[in-house]
>>> print(open('target12.cif').read())   # mmCIF, C-alpha atoms
data_final
#
loop_
_atom_site.label_atom_id
_atom_site.label_comp_id
_atom_site.auth_asym_id
_atom_site.auth_seq_id
_atom_site.Cartn_x
_atom_site.Cartn_y
_atom_site.Cartn_z
CA MET K 1 -40.88 -71.89 -55.29
CA LYS K 2 -43.34 -71.64 -52.45
CA LYS K 3 -41.13 -69.10 -50.74
CA THR K 4 -40.99 -66.91 -53.84
CA ILE K 5 -44.74 -66.90 -54.11
CA GLN K 6 -45.04 -65.99 -50.48
CA ARG K 7 -42.57 -63.21 -50.89
CA ARG K 8 -44.40 -61.87 -53.93
CA LEU K 9 -47.69 -61.98 -52.11
CA PHE K 10 -46.18 -60.14 -49.21
CA THR K 11 -44.76 -57.40 -51.47
CA GLY K 12 -48.09 -57.12 -53.23
CA VAL K 13 -49.92 -56.58 -49.98
CA LEU K 14 -47.33 -54.01 -48.92
CA VAL K 15 -47.69 -52.09 -52.16
CA LEU K 16 -51.46 -52.21 -51.86
CA MET K 17 -51.29 -50.94 -48.31
CA THR K 18 -49.02 -48.03 -49.19
CA THR K 19 -51.23 -46.95 -52.07
CA MET K 20 -54.21 -47.09 -49.76
CA LEU K 21 -52.36 -45.11 -47.13
CA SER K 22 -51.28 -42.42 -49.56
CA GLY K 23 -54.85 -42.14 -50.82
CA PRO K 24 -57.31 -39.60 -49.51
CA ALA K 25 -57.93 -41.59 -46.35
CA TYR K 26 -54.43 -40.80 -45.14
CA ALA K 27 -53.57 -37.11 -45.14
CA VAL K 28 -49.89 -36.35 -45.57
CA ASN K 29 -48.87 -33.55 -43.24
CA TYR K 30 -47.31 -31.20 -45.79
CA GLN K 31 -46.96 -28.44 -43.26
CA ALA K 32 -44.70 -30.67 -41.16
CA LEU K 33 -42.47 -31.35 -44.18
CA VAL K 34 -42.26 -27.64 -44.87
CA ASP K 35 -41.57 -26.79 -41.23
CA VAL K 36 -38.49 -29.01 -41.33
CA ASP K 37 -37.23 -26.98 -44.31
CA VAL K 38 -37.95 -23.71 -42.53
CA ARG K 39 -36.03 -24.80 -39.47
CA LYS K 40 -33.00 -25.90 -41.48
CA PHE K 41 -33.08 -22.75 -43.59
CA GLN K 42 -33.27 -20.38 -40.65
CA ASN K 43 -30.63 -22.34 -38.72
CA TYR K 44 -28.23 -21.86 -41.60
CA PHE K 45 -28.43 -18.09 -41.13
CA HIS K 46 -28.27 -18.31 -37.36
CA LYS K 47 -25.01 -20.22 -37.71
CA GLU K 48 -23.62 -17.84 -40.33
CA PHE K 49 -24.64 -14.70 -38.43
CA PRO K 50 -24.95 -15.67 -34.76
CA GLN K 51 -25.04 -12.02 -33.70
CA VAL K 52 -28.20 -11.25 -35.75
CA LYS K 53 -31.57 -11.84 -34.12
CA LEU K 54 -34.29 -13.55 -36.12
CA GLU K 55 -36.53 -10.48 -36.40
CA ASP K 56 -33.61 -8.34 -37.60
CA PHE K 57 -33.29 -10.33 -40.81
CA SER K 58 -36.23 -8.29 -42.09
CA SER K 59 -33.78 -5.37 -42.44
CA GLY K 60 -32.03 -7.21 -45.26
CA VAL K 61 -28.41 -6.38 -45.78
CA TYR K 62 -28.58 -3.72 -43.06
CA ALA K 63 -28.89 -6.43 -40.44
CA LEU K 64 -25.31 -7.42 -41.19
CA ASP K 65 -23.43 -4.13 -41.21
CA GLU K 66 -23.64 -1.60 -38.41
CA ASP K 67 -22.44 1.41 -40.44
CA ALA K 68 -24.75 0.78 -43.36
CA ARG K 69 -27.54 0.22 -40.86
CA LYS K 70 -27.05 3.66 -39.30
CA GLN K 71 -27.17 5.37 -42.69
CA TRP K 72 -30.27 3.42 -43.58
CA MET K 73 -32.05 4.31 -40.34
CA GLU K 74 -31.47 7.97 -41.15
CA ILE K 75 -33.01 7.52 -44.59
CA GLU K 76 -35.98 5.72 -43.08
CA GLU K 77 -36.67 8.73 -40.83
CA PHE K 78 -37.77 10.75 -43.85
CA PRO K 79 -38.58 7.87 -46.12
CA PRO K 80 -38.45 8.42 -49.87
CA TYR K 81 -41.64 6.36 -50.29
CA GLU K 82 -43.81 8.62 -48.13
CA LEU K 83 -45.57 10.27 -51.06
CA ASP K 84 -46.11 6.88 -52.66
CA ILE K 85 -47.95 5.68 -49.57
CA GLU K 86 -50.21 8.74 -49.74
CA ALA K 87 -50.85 8.14 -53.44
CA GLY K 88 -51.52 4.47 -52.72
CA LYS K 89 -54.06 5.37 -50.07
CA ALA K 90 -55.90 7.67 -52.49
CA LEU K 91 -55.94 4.97 -55.16
CA PHE K 92 -57.16 2.42 -52.63
CA ASN K 93 -60.20 4.53 -51.79
CA LYS K 94 -60.86 6.04 -55.20
CA PRO K 95 -64.25 4.92 -56.52
CA PHE K 96 -64.34 2.78 -59.68
CA ALA K 97 -66.84 3.63 -62.42
CA ASN K 98 -69.29 1.24 -60.70
CA GLY K 99 -69.05 3.11 -57.40
CA LYS K 100 -67.05 0.41 -55.61
CA SER K 101 -63.34 0.68 -54.89
CA LEU K 102 -60.32 -1.41 -54.01
CA ALA K 103 -61.42 -0.92 -50.41
CA SER K 104 -64.57 -2.97 -51.19
CA CYS K 105 -62.45 -6.03 -52.04
CA PHE K 106 -60.26 -6.22 -48.95
CA PRO K 107 -61.30 -6.81 -45.34
CA ASN K 108 -59.76 -5.16 -42.29
CA GLY K 109 -59.60 -1.71 -43.90
CA GLY K 110 -57.00 -3.07 -46.29
CA ALA K 111 -54.51 -4.15 -43.61
CA VAL K 112 -54.18 -7.52 -45.30
CA ARG K 113 -50.46 -7.88 -46.07
CA GLY K 114 -50.26 -10.82 -43.66
CA LEU K 115 -52.80 -12.81 -45.68
CA TYR K 116 -50.56 -12.96 -48.77
CA PRO K 117 -49.20 -14.88 -50.50
CA TYR K 118 -51.45 -17.87 -50.04
CA PHE K 119 -52.30 -20.98 -52.01
CA ASP K 120 -55.86 -20.87 -53.32
CA GLU K 121 -57.02 -24.48 -53.17
CA LYS K 122 -59.96 -23.96 -55.54
CA ARG K 123 -57.96 -22.19 -58.21
CA GLY K 124 -54.92 -24.36 -57.63
CA GLN K 125 -52.41 -21.52 -57.61
CA VAL K 126 -50.54 -19.04 -55.47
CA ILE K 127 -52.24 -15.67 -55.06
CA THR K 128 -50.04 -12.68 -54.32
CA LEU K 129 -51.11 -9.30 -53.00
CA GLU K 130 -50.38 -7.55 -56.29
CA MET K 131 -52.40 -10.17 -58.14
CA ALA K 132 -55.34 -9.70 -55.78
CA ILE K 133 -55.22 -5.92 -56.26
CA ASN K 134 -55.44 -6.24 -60.02
CA GLU K 135 -58.07 -8.97 -59.89
CA CYS K 136 -60.25 -6.67 -57.79
CA ARG K 137 -59.93 -3.98 -60.44
CA VAL K 138 -60.77 -6.34 -63.28
CA ALA K 139 -63.71 -7.85 -61.40
CA ASN K 140 -65.11 -4.32 -61.14
CA GLY K 141 -64.70 -3.51 -64.80
CA GLU K 142 -61.46 -1.55 -64.48
CA LYS K 143 -58.19 -2.15 -66.31
CA PRO K 144 -55.44 -3.83 -64.28
CA PHE K 145 -52.55 -1.61 -63.19
CA PRO K 146 -49.65 -2.24 -65.54
CA GLY K 147 -46.26 -3.65 -64.67
CA LYS K 148 -44.19 -3.94 -61.55
CA LYS K 149 -43.97 -0.32 -60.43
CA GLY K 150 -46.16 2.79 -60.48
CA ASP K 151 -49.71 2.58 -59.15
CA LEU K 152 -49.61 -1.16 -58.49
CA ALA K 153 -46.54 -0.72 -56.27
CA ARG K 154 -48.13 2.34 -54.62
CA VAL K 155 -51.28 0.49 -53.55
CA SER K 156 -49.14 -2.44 -52.42
CA ALA K 157 -47.00 0.00 -50.40
CA TYR K 158 -50.06 1.50 -48.72
CA ILE K 159 -51.39 -1.94 -47.79
CA ALA K 160 -47.96 -3.00 -46.51
CA PHE K 161 -47.68 0.20 -44.49
CA ILE K 162 -50.99 -0.17 -42.67
CA SER K 163 -50.18 -3.86 -42.07
CA ARG K 164 -46.76 -3.34 -40.52
CA GLY K 165 -46.06 -5.76 -37.72
CA GLN K 166 -48.26 -8.54 -39.05
CA LYS K 167 -46.65 -11.92 -38.62
CA ILE K 168 -45.57 -14.06 -41.55
CA ASP K 169 -47.25 -17.43 -41.26
CA VAL K 170 -47.78 -18.91 -44.71
CA LYS K 171 -49.30 -22.38 -44.75
CA VAL K 172 -48.97 -25.39 -47.03
CA ARG K 173 -52.10 -27.48 -46.59
CA SER K 174 -52.43 -29.76 -49.61
CA ALA K 175 -50.57 -31.77 -52.18
CA ALA K 176 -51.21 -29.04 -54.75
CA ALA K 177 -49.89 -26.35 -52.42
CA TYR K 178 -46.85 -28.47 -51.68
CA LYS K 179 -46.21 -28.83 -55.40
CA ALA K 180 -46.23 -25.05 -55.84
CA TYR K 181 -43.91 -24.76 -52.85
CA MET K 182 -41.51 -27.32 -54.35
CA LYS K 183 -41.49 -25.46 -57.66
CA GLY K 184 -40.54 -22.28 -55.84
CA LYS K 185 -37.89 -24.18 -53.94
CA GLU K 186 -36.48 -25.56 -57.19
CA PHE K 187 -36.34 -22.06 -58.65
CA PHE K 188 -34.43 -20.88 -55.61
CA TYR K 189 -31.76 -23.59 -55.67
CA ALA K 190 -31.35 -24.34 -59.40
CA LYS K 191 -28.54 -22.58 -61.21
CA ARG K 192 -29.49 -20.70 -64.32
CA GLY K 193 -28.39 -18.09 -66.82
CA GLN K 194 -25.11 -17.52 -68.56
CA LEU K 195 -23.34 -17.24 -65.19
CA ASN K 196 -24.86 -20.52 -63.99
CA MET K 197 -25.78 -19.07 -60.61
CA SER K 198 -28.65 -19.73 -58.19
CA CYS K 199 -30.49 -17.47 -55.79
CA SER K 200 -29.10 -19.55 -52.95
CA GLY K 201 -25.56 -19.20 -54.31
CA CYS K 202 -25.65 -15.43 -53.84
CA HIS K 203 -28.14 -15.03 -50.99
CA MET K 204 -27.06 -17.99 -48.84
CA GLU K 205 -23.48 -19.01 -49.62
CA TYR K 206 -22.31 -15.48 -50.36
CA ALA K 207 -24.70 -13.60 -48.06
CA GLY K 208 -22.83 -10.84 -46.28
CA ARG K 209 -20.03 -10.80 -48.84
CA ARG K 210 -19.45 -8.08 -51.36
CA LEU K 211 -20.12 -8.25 -55.04
CA ARG K 212 -18.68 -5.14 -56.67
CA ALA K 213 -20.23 -2.23 -54.70
CA GLU K 214 -22.97 -4.27 -53.02
CA THR K 215 -23.14 -6.57 -50.04
CA MET K 216 -25.42 -9.50 -50.67
CA SER K 217 -28.46 -9.76 -48.44
CA PRO K 218 -29.42 -12.96 -46.64
CA ALA K 219 -32.38 -14.74 -48.26
CA LEU K 220 -33.98 -14.98 -44.84
CA GLY K 221 -36.24 -11.91 -44.68
CA HIS K 222 -36.19 -11.32 -48.43
CA THR K 223 -39.91 -10.80 -48.82
CA THR K 224 -40.84 -8.98 -45.61
CA HIS K 225 -40.47 -5.39 -46.75
CA PHE K 226 -41.67 -5.08 -50.33
CA PRO K 227 -42.38 -2.99 -52.29
CA VAL K 228 -39.10 -1.10 -51.97
CA PHE K 229 -38.00 2.33 -52.96
CA ARG K 230 -34.58 1.80 -54.51
CA SER K 231 -32.31 4.77 -54.97
CA LYS K 232 -30.93 2.99 -58.05
CA TRP K 233 -34.42 2.88 -59.58
CA GLY K 234 -35.36 6.30 -58.24
CA ASP K 235 -38.78 4.87 -57.55
CA LEU K 236 -40.86 2.13 -56.05
CA GLY K 237 -40.84 -1.46 -57.33
CA THR K 238 -42.45 -4.77 -56.45
CA LEU K 239 -40.74 -7.96 -55.37
CA HIS K 240 -41.15 -9.37 -58.86
CA ARG K 241 -39.33 -6.38 -60.30
CA ARG K 242 -36.44 -7.31 -58.02
CA TYR K 243 -36.62 -10.96 -59.05
CA ALA K 244 -36.42 -9.92 -62.69
CA GLY K 245 -33.38 -7.75 -61.93
CA CYS K 246 -31.55 -10.60 -60.20
CA ASN K 247 -32.39 -12.96 -63.07
CA GLU K 248 -31.05 -10.49 -65.61
CA ASN K 249 -27.86 -9.93 -63.64
CA ILE K 250 -26.90 -13.56 -64.08
CA GLY K 251 -27.72 -13.54 -67.80
CA SER K 252 -31.01 -15.36 -67.55
CA LYS K 253 -34.21 -14.24 -69.28
CA PRO K 254 -36.50 -12.80 -66.61
CA PHE K 255 -40.07 -14.05 -66.22
CA ASP K 256 -43.08 -11.76 -66.37
CA GLU K 257 -44.27 -10.13 -63.20
CA GLN K 258 -46.94 -12.29 -61.56
CA SER K 259 -45.89 -15.26 -63.68
CA GLU K 260 -46.50 -18.63 -62.08
CA GLU K 261 -42.73 -19.04 -61.67
CA TYR K 262 -42.30 -15.85 -59.65
CA ARG K 263 -45.46 -16.42 -57.61
CA ASN K 264 -44.21 -19.88 -56.60
CA LEU K 265 -40.83 -18.38 -55.77
CA GLU K 266 -42.49 -15.72 -53.63
CA TYR K 267 -44.50 -18.45 -51.89
CA PHE K 268 -41.36 -20.44 -51.11
CA GLN K 269 -39.34 -17.40 -50.04
CA THR K 270 -42.08 -16.06 -47.80
CA ILE K 271 -42.50 -19.44 -46.12
CA MET K 272 -38.77 -19.51 -45.40
CA SER K 273 -39.35 -16.24 -43.49
CA ASN K 274 -42.24 -17.62 -41.44
CA GLY K 275 -42.04 -16.18 -37.94
CA LEU K 276 -40.72 -12.78 -39.08
CA LYS K 277 -42.92 -9.70 -39.38
CA PHE K 278 -43.99 -7.76 -42.43
CA ASN K 279 -42.32 -4.35 -42.37
CA GLY K 280 -42.82 -2.83 -45.83
CA PRO K 281 -42.40 -0.63 -47.63
CA ALA K 282 -38.69 -0.01 -47.22
CA ALA K 283 -35.82 1.96 -48.68
CA ARG K 284 -32.93 0.17 -50.36
CA LYS K 285 -29.83 1.20 -52.28
CA MET G 1 -18.11 -62.36 -102.23
CA LYS G 2 -17.04 -59.00 -103.62
CA LYS G 3 -20.48 -58.52 -105.07
CA VAL G 4 -22.06 -59.23 -101.75
CA LEU G 5 -19.82 -56.66 -100.07
CA LEU G 6 -20.62 -54.07 -102.67
CA LEU G 7 -24.30 -54.74 -102.29
CA LEU G 8 -24.01 -54.57 -98.53
CA SER G 9 -22.13 -51.32 -98.55
CA MET G 10 -24.68 -49.86 -100.90
CA VAL G 11 -27.49 -50.89 -98.62
CA VAL G 12 -25.67 -49.40 -95.65
CA LEU G 13 -24.67 -46.22 -97.41
CA MET G 14 -27.82 -45.55 -99.37
CA PRO G 15 -29.97 -44.25 -96.56
CA SER G 16 -27.25 -41.92 -95.31
CA CYS G 17 -26.71 -40.62 -98.86
CA ALA G 18 -30.39 -40.08 -99.17
CA GLY G 19 -30.36 -38.45 -95.78
CA LEU G 20 -27.60 -36.12 -96.84
CA LEU G 21 -29.41 -35.10 -99.98
CA ALA G 22 -32.64 -34.55 -98.17
CA ASP G 23 -30.76 -32.63 -95.52
CA GLN G 24 -29.31 -30.28 -98.02
CA ALA G 25 -32.67 -29.57 -99.49
CA THR G 26 -34.41 -28.91 -96.19
CA THR G 27 -31.68 -27.87 -93.75
CA PRO G 28 -33.13 -24.92 -91.90
CA SER G 29 -31.06 -21.76 -91.87
CA LEU G 30 -28.83 -21.09 -88.90
CA ILE G 31 -31.31 -18.46 -87.77
CA ASP G 32 -34.19 -20.94 -87.86
CA GLN G 33 -32.13 -23.51 -86.00
CA ALA G 34 -31.22 -20.95 -83.38
CA GLU G 35 -34.84 -19.87 -83.02
CA ALA G 36 -36.03 -23.46 -82.60
CA ALA G 37 -33.35 -24.13 -79.99
CA ARG G 38 -34.19 -20.88 -78.19
CA LYS G 39 -37.82 -21.96 -77.97
CA GLU G 40 -36.79 -25.28 -76.49
CA ALA G 41 -34.71 -23.55 -73.79
CA ASP G 42 -37.59 -21.16 -73.13
CA ALA G 43 -40.07 -24.00 -72.74
CA LEU G 44 -37.79 -25.43 -70.06
CA GLY G 45 -37.72 -22.02 -68.34
CA TYR G 46 -33.99 -21.63 -68.88
CA GLU G 47 -33.61 -19.24 -71.81
CA TRP G 48 -30.68 -16.90 -71.41
CA ARG G 49 -31.03 -13.15 -71.37
CA ASP G 50 -29.38 -12.22 -74.67
CA THR G 51 -30.31 -15.08 -76.99
CA ALA G 52 -33.36 -13.43 -78.53
CA LYS G 53 -31.37 -10.24 -79.06
CA LEU G 54 -28.63 -12.18 -80.86
CA ILE G 55 -31.21 -13.75 -83.17
CA LYS G 56 -32.71 -10.37 -83.87
CA SER G 57 -29.30 -8.95 -84.74
CA ALA G 58 -28.58 -11.98 -86.96
CA LYS G 59 -31.78 -11.28 -88.88
CA GLU G 60 -30.90 -7.62 -89.26
CA ALA G 61 -27.41 -8.47 -90.50
CA LEU G 62 -28.90 -10.84 -93.06
CA GLU G 63 -31.24 -8.14 -94.34
CA LYS G 64 -28.23 -5.93 -94.87
CA GLY G 65 -26.59 -8.73 -96.85
CA LEU G 66 -23.95 -9.41 -94.20
CA GLN G 67 -24.11 -13.22 -94.40
CA ALA G 68 -20.93 -13.94 -92.42
CA GLU G 69 -21.87 -11.56 -89.64
CA SER G 70 -25.37 -13.02 -89.53
CA ASP G 71 -24.03 -16.58 -89.36
CA LYS G 72 -21.70 -15.64 -86.55
CA LEU G 73 -24.51 -14.16 -84.45
CA ALA G 74 -26.91 -16.99 -85.22
CA SER G 75 -24.41 -19.67 -84.26
CA GLN G 76 -23.71 -17.83 -81.01
CA ALA G 77 -27.46 -17.86 -80.31
CA LEU G 78 -27.65 -21.53 -81.27
CA LEU G 79 -24.82 -22.44 -78.92
CA GLN G 80 -26.36 -20.39 -76.08
CA SER G 81 -29.72 -22.08 -76.53
CA ARG G 82 -28.23 -25.56 -76.57
CA VAL G 83 -26.24 -24.94 -73.41
CA ALA G 84 -29.28 -23.32 -71.77
CA ALA G 85 -31.48 -26.29 -72.63
CA ALA G 86 -28.86 -28.71 -71.29
CA GLN G 87 -28.63 -26.59 -68.15
CA GLY G 88 -32.41 -26.73 -67.76
CA LYS G 89 -32.59 -30.49 -68.24
CA TYR G 90 -29.75 -31.07 -65.83
CA MET G 91 -31.16 -28.74 -63.18
CA SER G 92 -34.70 -30.09 -63.26
CA LYS G 93 -33.25 -33.52 -62.49
CA ASN G 94 -30.51 -32.55 -60.08
CA TRP G 95 -31.54 -29.30 -58.37
CA LYS G 96 -31.78 -31.00 -54.99
CA MET G 97 -28.05 -31.62 -55.13
CA MET G 98 -27.59 -27.83 -55.18
CA ILE G 99 -29.16 -27.41 -51.74
CA LEU G 100 -26.47 -26.46 -49.25
CA LYS G 101 -25.74 -28.97 -46.58
CA TYR G 102 -26.80 -27.32 -43.40
#
>>> encode(input="target12.cif", output="structure tokens")
Amino acid sequence: MKKTIQRRLFTGVLVLMTTMLSGPAYAVNYQALVDVDVRKFQNYFHKEFPQVKLEDFSSGVYALDEDARKQWMEIEEFPPYELDIEAGKALFNKPFANGKSLASCFPNGGAVRGLYPYFDEKRGQVITLEMAINECRVANGEKPFPGKKGDLARVSAYIAFISRGQKIDVKVRSAAAYKAYMKGKEFFYAKRGQLNMSCSGCHMEYAGRRLRAETMSPALGHTTHFPVFRSKWGDLGTLHRRYAGCNENIGSKPFDEQSEEYRNLEYFQTIMSNGLKFNGPAARK
Amino acid sequence: MKKVLLLLSMVVLMPSCAGLLADQATTPSLIDQAEAARKEADALGYEWRDTAKLIKSAKEALEKGLQAESDKLASQALLQSRVAAAQGKYMSKNWKMMILKY
């Protein structure tokens, strides 16, 4: 009897101590948890493709196939997105009705690709570059750019272009940020759609293998180079346009561009590419 | 004894008879059932690509008086939604099992 009471007391104290520890006084190091994931994730690809250097994963599928890579390098010499960058630059500097412009919202002359995506602690959500572009417009009394292509992709392409070489280093600093990260992680690994497939199924397990006419790109480096000019689209599209396409291909209803689901997914995917460099925009098949 | 049994069986059967009758009066159409199930799958974030299109086609068939065709499409949509919702519930519990061992 006495022993049981002692044991109960002991457990009680333990429980109390853990709740105290997990309270605000004790800060969980979320970044450390995430860094473990990043290491495991990147190691997977190093083991699968030992000949590919870390920074080369930003070339997507072209990192895996020498012939395709040569063709792609030729395309990139006279890139199909060149005019879009010019148009994006003009839009970036074009005055709004109130005299300000997109340029007034972004520091560093607009070379800010490396700052996105990030978790906004005050607003409690992930902010992407495309979201920030449209929020700047709305804050200045303009209409947001529609959709996942066109002018929104053009401005994004211009910003990516003048930010080339910036390092990916996305942080997870709080419980709320970690939650968003975990939601993105869940989206990446959960199987969905009529084909019951996951992102990781195609872009990890099957990376480098062919599906019909296409070789599947490794998920490492997936977000470095957007927006992309796809020959299949015949124009420029954002990362979320690509996400929607991959969701549709497996018979799953796509989410809206800039939906919370896709922003969390972008957050997770970009973190997995921490240490690589932004190199957008890019040409893809 | 027999009387007791009869009484008992009546007590047991009554509610289900009543249920049946009520069901018949208020059973939603296949299209409504499919739409409700689709919404449930959507709320879980797991709606499939073609389900809403199937429901739309079922409605159009019904307007043309093609009851059998409409029922066929609606039950396809209903089945899709139920599997999608089950998929969603399963995945939100077990997605960590899908992470590759590496």
>>> atom_distance(input="target12.cif", atom1="CA of Lys72 (chain G)", atom2="CA of Ala58 (chain G)")
7.8 Å
>>> closest_residue(input="target12.cif", among="K:Lys122, K:Arg164, K:Lys94, K:Arg241", to="Gly150 (chain K)", atoms="only C-alpha atoms")
K:Arg241
>>> closest_atom_pairs(input="target12.cif", of="chain G", to="chain K", cutoff="9 Å", atoms="all atoms listed in the file", output="Markdown table")
| residue | atom | partner | partner_atom | distance |
| --- | --- | --- | --- | --- |
| G:Asp42 | CA | K:Lys253 | CA | 8.6 |
| G:Gly45 | CA | K:Phe255 | CA | 8.6 |
| G:Tyr46 | CA | K:Arg192 | CA | 6.5 |
| G:Glu47 | CA | K:Lys253 | CA | 5.6 |
| G:Trp48 | CA | K:Ser252 | CA | 4.2 |
| G:Arg49 | CA | K:Lys253 | CA | 4.0 |
| G:Asp50 | CA | K:Gly251 | CA | 7.2 |
| G:Thr51 | CA | K:Lys253 | CA | 8.7 |
| G:Gln80 | CA | K:Gln194 | CA | 8.1 |
| G:Val83 | CA | K:Gln194 | CA | 8.9 |
| G:Ala84 | CA | K:Gly193 | CA | 7.3 |
| G:Gln87 | CA | K:Arg192 | CA | 7.1 |
| G:Gly88 | CA | K:Arg192 | CA | 7.5 |
| G:Met91 | CA | K:Ala190 | CA | 5.8 |
| G:Ser92 | CA | K:Ala190 | CA | 7.7 |
| G:Asn94 | CA | K:Ala190 | CA | 8.3 |
| G:Trp95 | CA | K:Ala190 | CA | 5.1 |
| G:Lys96 | CA | K:Tyr189 | CA | 7.4 |
| G:Met97 | CA | K:Tyr189 | CA | 8.9 |
| G:Met98 | CA | K:Tyr189 | CA | 6.0 |
| G:Ile99 | CA | K:Tyr189 | CA | 6.1 |
| G:Leu100 | CA | K:Glu205 | CA | 8.0 |
| G:Tyr102 | CA | K:Tyr44 | CA | 5.9 |
>>> residues_around(input="target12.cif", residues="Thr238 (chain K)", least_positions_apart="3", cutoff="6 Å", atoms="only C-alpha atoms", output="PyMOL selection string")
chain K and resi 148+153+227+241
>>> closest_residue(input="target12.cif", among="K:Glu130, K:Glu214, K:Asp35, K:Glu77", to="Val61 (chain K)", atoms="all atoms listed in the file")
K:Glu214
>>> resolve_selection(input="target12.cif", expression="the PyMOL selection byres ((chain K and resi 63-74) around 10)", output="ChimeraX atom specification")
/K:49,51-62,75-79,207-209,215-218,282-285
>>> residues_around(input="target12.cif", residues="Ala111 (chain K)", least_positions_apart="5", cutoff="6 Å", atoms="only C-alpha atoms", output="list in words")
Ile159, Ile162 and Ser163 of chain K
>>> closest_residue(input="target12.cif", among="K:His203, K:Lys100, K:Lys167, K:Arg210", to="Tyr116 (chain K)", atoms="only C-alpha atoms")
K:Lys167
>>> resolve_selection(input="target12.cif", expression="the PyMOL selection byres ((chain K and resi 154) around 12)", output="number ranges by chain")
K: 81-92, 130, 133, 145-153, 155-161, 226-229, 235-238, 280-281
